[in-house]
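Some notes on the structure that comes next.
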Amino acid sequence: MNIETLTLAQLPVGRSGRIDTLLARGMTRRRLLDLGLVPGTEVKTIRSSPSGDPTAYKIRGTVIALREEVAREVLIRMEIYSAKGV
Amino acid sequence: MAFFKGACRKKNCWNQSVPQHQCPQMTIALAGNPNTGKSTVFNALTGLRQHTGNWPGKTVQRAEGSFYYKNKHFTLVDLPGTYSLFANSVDEQVARDYICFTRPDATVIVTDATCLERNLNLVLQVMEITPRVVVCVNLMDEAERKYIRVDVDLLSSELGVPVIATAARSGRSLDKLIDAIDRVASGRIKITPRLVTYDSEIEYLVQRIELKISPLIPAGLNPRWVALRLIDGDRGIIDSLQIYLDDDKKGSPQWGEEKILCTR
């Protein structure tokens with residue numbers, strides 16, 4: 001098992017990871033923090049809308065939809081299981 | 001419970017021997033995250049039937065109702081749900097401006113017992129503005145169903161403000177909530193909220209700005225909070241502050257709200 005860093009927008013449906021860094025600045029950053037996206041928080045991708053944007057994420061017990069442009073500004077860490085390791 | 005069944009359900013019939021105009025008047029704001037049961041608490045306390053619904057963004061404008069308790073007339077203001085007081089939308093702005101500038105005698109923050117951590121952000125933000133806070137941990141019935149237990153006493157001592165666990169839908173512990181509201185609004189209990197301490201750099205700036213602005217802002221508005229917002233550079237709050245200060249000079253602030261009268 002190793003850990004990969006990717007953006008929240010890249011987190012596949014059904015997978016979860018932990019928030020590492022917020023790249024967003026200003027009011028967007030403030031908003032994300034208010035919604036509970038604090039470093040260390042677990043997030044899970046629930047589903048994408050038919051057009052692929054926005055995407056719904058489970059964050060601290062609530063489902064929150066984020067646009068891709070915002071989700072790209074959140075870095076997360078996801079555990080990767082290699083075929084050998086399991 | 002007995003108190004509720006007997007008296008408050010029937011609206012304002014609490015101690016009608018004292019005419020309204022002779023009662024001390026208290027204004028209480030009801031804040032909280034979206035979908036935590038604020039309107040259910042509001043209806044239970046005032047006996048009104050404001051529309052409640054299980055979706056966020058339901059209460060866009062604020063609604064008012066009133067009740068009597070211990071010979072005092074309480075006006076309860078139901079605010080739209082917000083995650084934060086750093087407004088992004090109109091309804092968040094309504095809630096923020098009310099708590100910041102209208103200065104209610106107490107603010108009740110209704111929180112969801114099933115995901116408390118998400119709700120405490122707003123609690124801390126309100127506590128930064130005013131110490132007159134009561135935290136209502138609502139939806140306890142739902143939390144119990146999910147085997148979630150909330151240590152109310154510990155939470156209360158950690159926050160430094162009264163915390164009451166309720167299940168507004170069934171009316172459970174609302175009598176305790178009213179009593180806490182009364183005690184906080186009338187200043188009968190001393191509250192020492194535990195505030196967020198920022199980096200030494202920020203704290204230094206806050207102190208310097210606080211000193212300068214204290215004489216400029218009206219009494220009742222928290223200078224530390226205003227200093228923090230100035231450092232934030234949040235345009236929205238600065239604009240609201242401007243309007244508020246202008247109104248303060250002219251007289252009473254203007255509020256374009258929907259008012260529900262329940263006093264007969």
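Chain lettering (A, B, ...) mirrors the order of the structure tokens, residue numbering begins at 1 for each chain separately, and ligand numbering begins at 1 in order of display.
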Legend entry - In region 75-198 of chain B, DSSP alpha helix (DSSP H) residues written as number ranges by chain: B: 90-97, 116-129, 140-145, 152-159, 174-185
Residues from the last selection, N, CA and C atoms, saved as a tab-separated table (two decimals), in the first residue's frame:
```
chain	number	residue	atom	x	y	z
B	90	VAL	N	-27.27	35.42	-0.17
B	90	VAL	CA	-28.15	36.41	0.45
B	90	VAL	C	-28.64	35.94	1.82
B	91	ASP	N	-29.05	34.66	1.89
B	91	ASP	CA	-29.60	34.22	3.18
B	91	ASP	C	-28.52	34.15	4.26
B	92	GLU	N	-27.29	33.84	3.85
B	92	GLU	CA	-26.21	33.88	4.84
B	92	GLU	C	-25.96	35.31	5.31
B	93	GLN	N	-26.14	36.22	4.39
B	93	GLN	CA	-25.93	37.63	4.73
B	93	GLN	C	-27.00	38.13	5.70
B	94	VAL	N	-28.25	37.68	5.47
B	94	VAL	CA	-29.34	38.06	6.36
B	94	VAL	C	-29.01	37.62	7.79
B	95	ALA	N	-28.59	36.36	7.93
B	95	ALA	CA	-28.27	35.82	9.25
B	95	ALA	C	-27.11	36.58	9.88
B	96	ARG	N	-26.08	36.79	9.09
B	96	ARG	CA	-24.89	37.46	9.62
B	96	ARG	C	-25.20	38.87	10.09
B	97	ASP	N	-25.87	39.65	9.22
B	97	ASP	CA	-26.13	41.04	9.58
B	97	ASP	C	-27.02	41.14	10.82
B	116	LEU	N	-22.20	16.86	14.74
B	116	LEU	CA	-21.93	18.03	15.56
B	116	LEU	C	-20.69	18.79	15.08
B	117	GLU	N	-19.67	18.06	14.68
B	117	GLU	CA	-18.39	18.72	14.34
B	117	GLU	C	-18.57	19.75	13.23
B	118	ARG	N	-19.46	19.42	12.28
B	118	ARG	CA	-19.70	20.34	11.17
B	118	ARG	C	-20.37	21.63	11.65
B	119	ASN	N	-21.11	21.52	12.75
B	119	ASN	CA	-21.89	22.64	13.26
B	119	ASN	C	-21.10	23.58	14.17
B	120	LEU	N	-20.01	23.07	14.73
B	120	LEU	CA	-19.32	23.86	15.75
B	120	LEU	C	-18.55	25.04	15.17
B	121	ASN	N	-18.29	25.01	13.88
B	121	ASN	CA	-17.66	26.14	13.20
B	121	ASN	C	-18.49	27.41	13.40
B	122	LEU	N	-19.78	27.29	13.14
B	122	LEU	CA	-20.67	28.44	13.28
B	122	LEU	C	-20.77	28.88	14.74
B	123	VAL	N	-20.79	27.89	15.64
B	123	VAL	CA	-20.86	28.21	17.07
B	123	VAL	C	-19.68	29.09	17.46
B	124	LEU	N	-18.48	28.70	17.04
B	124	LEU	CA	-17.29	29.48	17.37
B	124	LEU	C	-17.34	30.88	16.75
B	125	GLN	N	-17.87	30.95	15.53
B	125	GLN	CA	-17.95	32.25	14.86
B	125	GLN	C	-18.92	33.19	15.58
B	126	VAL	N	-20.05	32.65	16.03
B	126	VAL	CA	-21.01	33.49	16.75
B	126	VAL	C	-20.43	33.90	18.10
B	127	MET	N	-19.74	32.97	18.75
B	127	MET	CA	-19.14	33.28	20.05
B	127	MET	C	-18.10	34.39	19.95
B	128	GLU	N	-17.52	34.54	18.77
B	128	GLU	CA	-16.55	35.62	18.57
B	128	GLU	C	-17.24	36.99	18.57
B	129	ILE	N	-18.52	36.99	18.17
B	129	ILE	CA	-19.25	38.26	18.11
B	129	ILE	C	-19.88	38.60	19.45
B	140	MET	N	-31.67	15.09	18.83
B	140	MET	CA	-31.12	14.07	19.72
B	140	MET	C	-31.80	12.71	19.48
B	141	ASP	N	-33.09	12.76	19.11
B	141	ASP	CA	-33.80	11.51	18.84
B	141	ASP	C	-33.15	10.77	17.67
B	142	GLU	N	-32.77	11.53	16.64
B	142	GLU	CA	-32.13	10.91	15.49
B	142	GLU	C	-30.73	10.39	15.84
B	143	ALA	N	-30.03	11.15	16.68
B	143	ALA	CA	-28.69	10.75	17.09
B	143	ALA	C	-28.74	9.43	17.87
B	144	GLU	N	-29.75	9.33	18.75
B	144	GLU	CA	-29.89	8.11	19.54
B	144	GLU	C	-30.14	6.90	18.65
B	145	ARG	N	-30.91	7.14	17.61
B	145	ARG	CA	-31.18	6.06	16.67
B	145	ARG	C	-29.90	5.59	15.98
B	152	VAL	N	-23.05	16.52	26.84
B	152	VAL	CA	-23.45	17.92	26.86
B	152	VAL	C	-22.66	18.73	27.88
B	153	ASP	N	-22.41	18.13	29.05
B	153	ASP	CA	-21.69	18.85	30.10
B	153	ASP	C	-20.27	19.17	29.68
B	154	LEU	N	-19.63	18.19	29.04
B	154	LEU	CA	-18.25	18.40	28.58
B	154	LEU	C	-18.22	19.48	27.50
B	155	LEU	N	-19.15	19.38	26.58
B	155	LEU	CA	-19.21	20.37	25.49
B	155	LEU	C	-19.41	21.77	26.05
B	156	SER	N	-20.29	21.85	27.05
B	156	SER	CA	-20.57	23.14	27.67
B	156	SER	C	-19.34	23.71	28.35
B	157	SER	N	-18.57	22.86	29.04
B	157	SER	CA	-17.39	23.38	29.72
B	157	SER	C	-16.27	23.69	28.73
B	158	GLU	N	-16.23	22.95	27.61
B	158	GLU	CA	-15.22	23.24	26.58
B	158	GLU	C	-15.51	24.57	25.89
B	159	LEU	N	-16.79	24.82	25.61
B	159	LEU	CA	-17.16	26.04	24.89
B	159	LEU	C	-17.30	27.24	25.83
B	174	LEU	N	-37.31	21.19	25.69
B	174	LEU	CA	-37.44	22.58	25.26
B	174	LEU	C	-37.64	23.51	26.45
B	175	ASP	N	-38.19	22.96	27.55
B	175	ASP	CA	-38.33	23.77	28.75
B	175	ASP	C	-36.96	24.18	29.29
B	176	LYS	N	-36.01	23.24	29.19
B	176	LYS	CA	-34.64	23.56	29.63
B	176	LYS	C	-34.02	24.63	28.73
B	177	LEU	N	-34.34	24.52	27.44
B	177	LEU	CA	-33.80	25.49	26.48
B	177	LEU	C	-34.32	26.89	26.79
B	178	ILE	N	-35.62	26.99	27.04
B	178	ILE	CA	-36.20	28.30	27.35
B	178	ILE	C	-35.58	28.88	28.61
B	179	ASP	N	-35.37	28.02	29.59
B	179	ASP	CA	-34.79	28.50	30.84
B	179	ASP	C	-33.37	29.03	30.60
B	180	ALA	N	-32.60	28.30	29.79
B	180	ALA	CA	-31.23	28.74	29.48
B	180	ALA	C	-31.26	30.07	28.72
B	181	ILE	N	-32.20	30.19	27.77
B	181	ILE	CA	-32.33	31.44	27.01
B	181	ILE	C	-32.61	32.60	27.96
B	182	ASP	N	-33.54	32.35	28.87
B	182	ASP	CA	-33.91	33.39	29.83
B	182	ASP	C	-32.72	33.82	30.69
B	183	ARG	N	-31.98	32.82	31.15
B	183	ARG	CA	-30.84	33.13	32.02
B	183	ARG	C	-29.74	33.89	31.28
B	184	VAL	N	-29.51	33.51	30.03
B	184	VAL	CA	-28.46	34.19	29.25
B	184	VAL	C	-28.91	35.59	28.86
B	185	ALA	N	-30.17	35.72	28.38
B	185	ALA	CA	-30.66	37.02	27.91
B	185	ALA	C	-30.72	38.04	29.03
```
Residues of chain A at most 12 Å from chain B: nearest atom pair and distance in Å, only C-alpha atoms, as a Markdown table:
```
| residue | atom | partner | partner_atom | distance |
| --- | --- | --- | --- | --- |
| A:Gly26 | CA | B:Asp232 | CA | 9.1 |
| A:Met27 | CA | B:Asn88 | CA | 8.2 |
| A:Thr28 | CA | B:Asn88 | CA | 9.3 |
| A:Arg29 | CA | B:Phe86 | CA | 11.4 |
| A:Arg30 | CA | B:Phe86 | CA | 7.9 |
| A:Arg31 | CA | B:Asn88 | CA | 7.6 |
| A:Leu32 | CA | B:Tyr83 | CA | 10.4 |
| A:Leu33 | CA | B:Asn121 | CA | 9.2 |
| A:Asp34 | CA | B:Ser84 | CA | 5.9 |
| A:Leu35 | CA | B:Tyr83 | CA | 6.6 |
| A:Gly36 | CA | B:Arg118 | CA | 6.1 |
| A:Leu37 | CA | B:Arg118 | CA | 9.8 |
| A:Val38 | CA | B:Arg118 | CA | 10.6 |
| A:Thr41 | CA | B:Arg118 | CA | 11.0 |
| A:Ile59 | CA | B:Arg118 | CA | 9.0 |
| A:Arg60 | CA | B:Arg118 | CA | 6.5 |
| A:Gly61 | CA | B:Cys115 | CA | 6.0 |
| A:Thr62 | CA | B:Cys115 | CA | 8.2 |
| A:Val63 | CA | B:Pro56 | CA | 11.9 |
| A:Ile64 | CA | B:Pro56 | CA | 11.8 |
```
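Excluding Thr21 (chain A) and any residue on its chain fewer than 5 positions from it, the residues at most 9 Å away by only C-alpha atoms are Val38, Pro39, Gly40, Glu73, Val74, Leu75 and Ile76 of chain A.
Interatomic distance, CA of Ser89 (chain B) against CA of Asn33 (chain B): 13.6 Å.
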Inset, instruction - Name the residues of region 86-252 of chain B that fall into strand (DSSP E or B) according to DSSP on the backbone, using the chain letters and numbers of this document, as a PyMOL selection string. - result: chain B and resi 106-112+133-138+163-165+167+172
Expected file: the selected residues, C-alpha atoms, as a compact mmCIF listing (two decimals), in the first residue's frame:
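Output contents, as saved in result.txt:
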```txt
# COMPACT_ATOMS: atom_id res chain seq x y z
CA ALA B 106 -29.21 36.13 23.15
CA THR B 107 -28.43 33.98 20.14
CA VAL B 108 -29.47 30.34 20.13
CA ILE B 109 -27.42 28.20 17.78
CA VAL B 110 -29.31 25.10 16.78
CA THR B 111 -26.94 22.26 15.93
CA ASP B 112 -27.38 18.78 14.53
CA VAL B 133 -24.93 32.33 23.26
CA VAL B 134 -26.94 29.20 23.98
CA VAL B 135 -26.06 26.07 22.04
CA CYS B 136 -29.01 23.81 21.34
CA VAL B 137 -27.94 20.31 20.33
CA ASN B 138 -31.05 19.31 18.43
CA VAL B 163 -25.45 23.65 25.97
CA ILE B 164 -28.91 22.03 25.93
CA ALA B 165 -29.71 18.74 24.19
CA ALA B 167 -35.47 16.85 20.30
CA ARG B 172 -38.17 17.10 24.54
```
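As for CA of Gln22 (chain B) and CA of Lys38 (chain B), they are spaced 29.1 Å apart.
Considering only C-alpha atoms, the residue among A:Leu23, A:Ile3, A:Ile46, A:Ala9 positioned nearest to Arg67 (chain A) is A:Ala9.
Close contacts of Lys72 (chain B), defined as residues with an atom at most 7 Å away when counting only C-alpha atoms, with chain neighbours fewer than 3 positions off set aside, comprise Cys23, Pro24, Gln25, Tyr68 and Tyr69 of chain B.
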Keeping only C-alpha atoms, write the selected residues to a file as a PDB file, in the first residue's frame.
```
ATOM      1  CA  CYS B  23     -42.934  43.178  30.511  1.00  0.00           C
ATOM      2  CA  PRO B  24     -39.228  43.351  29.890  1.00  0.00           C
ATOM      3  CA  GLN B  25     -38.694  42.793  26.170  1.00  0.00           C
ATOM      4  CA  TYR B  68     -43.856  34.818  27.369  1.00  0.00           C
ATOM      5  CA  TYR B  69     -41.712  33.265  30.040  1.00  0.00           C
TER       6      TYR B  69
END
```
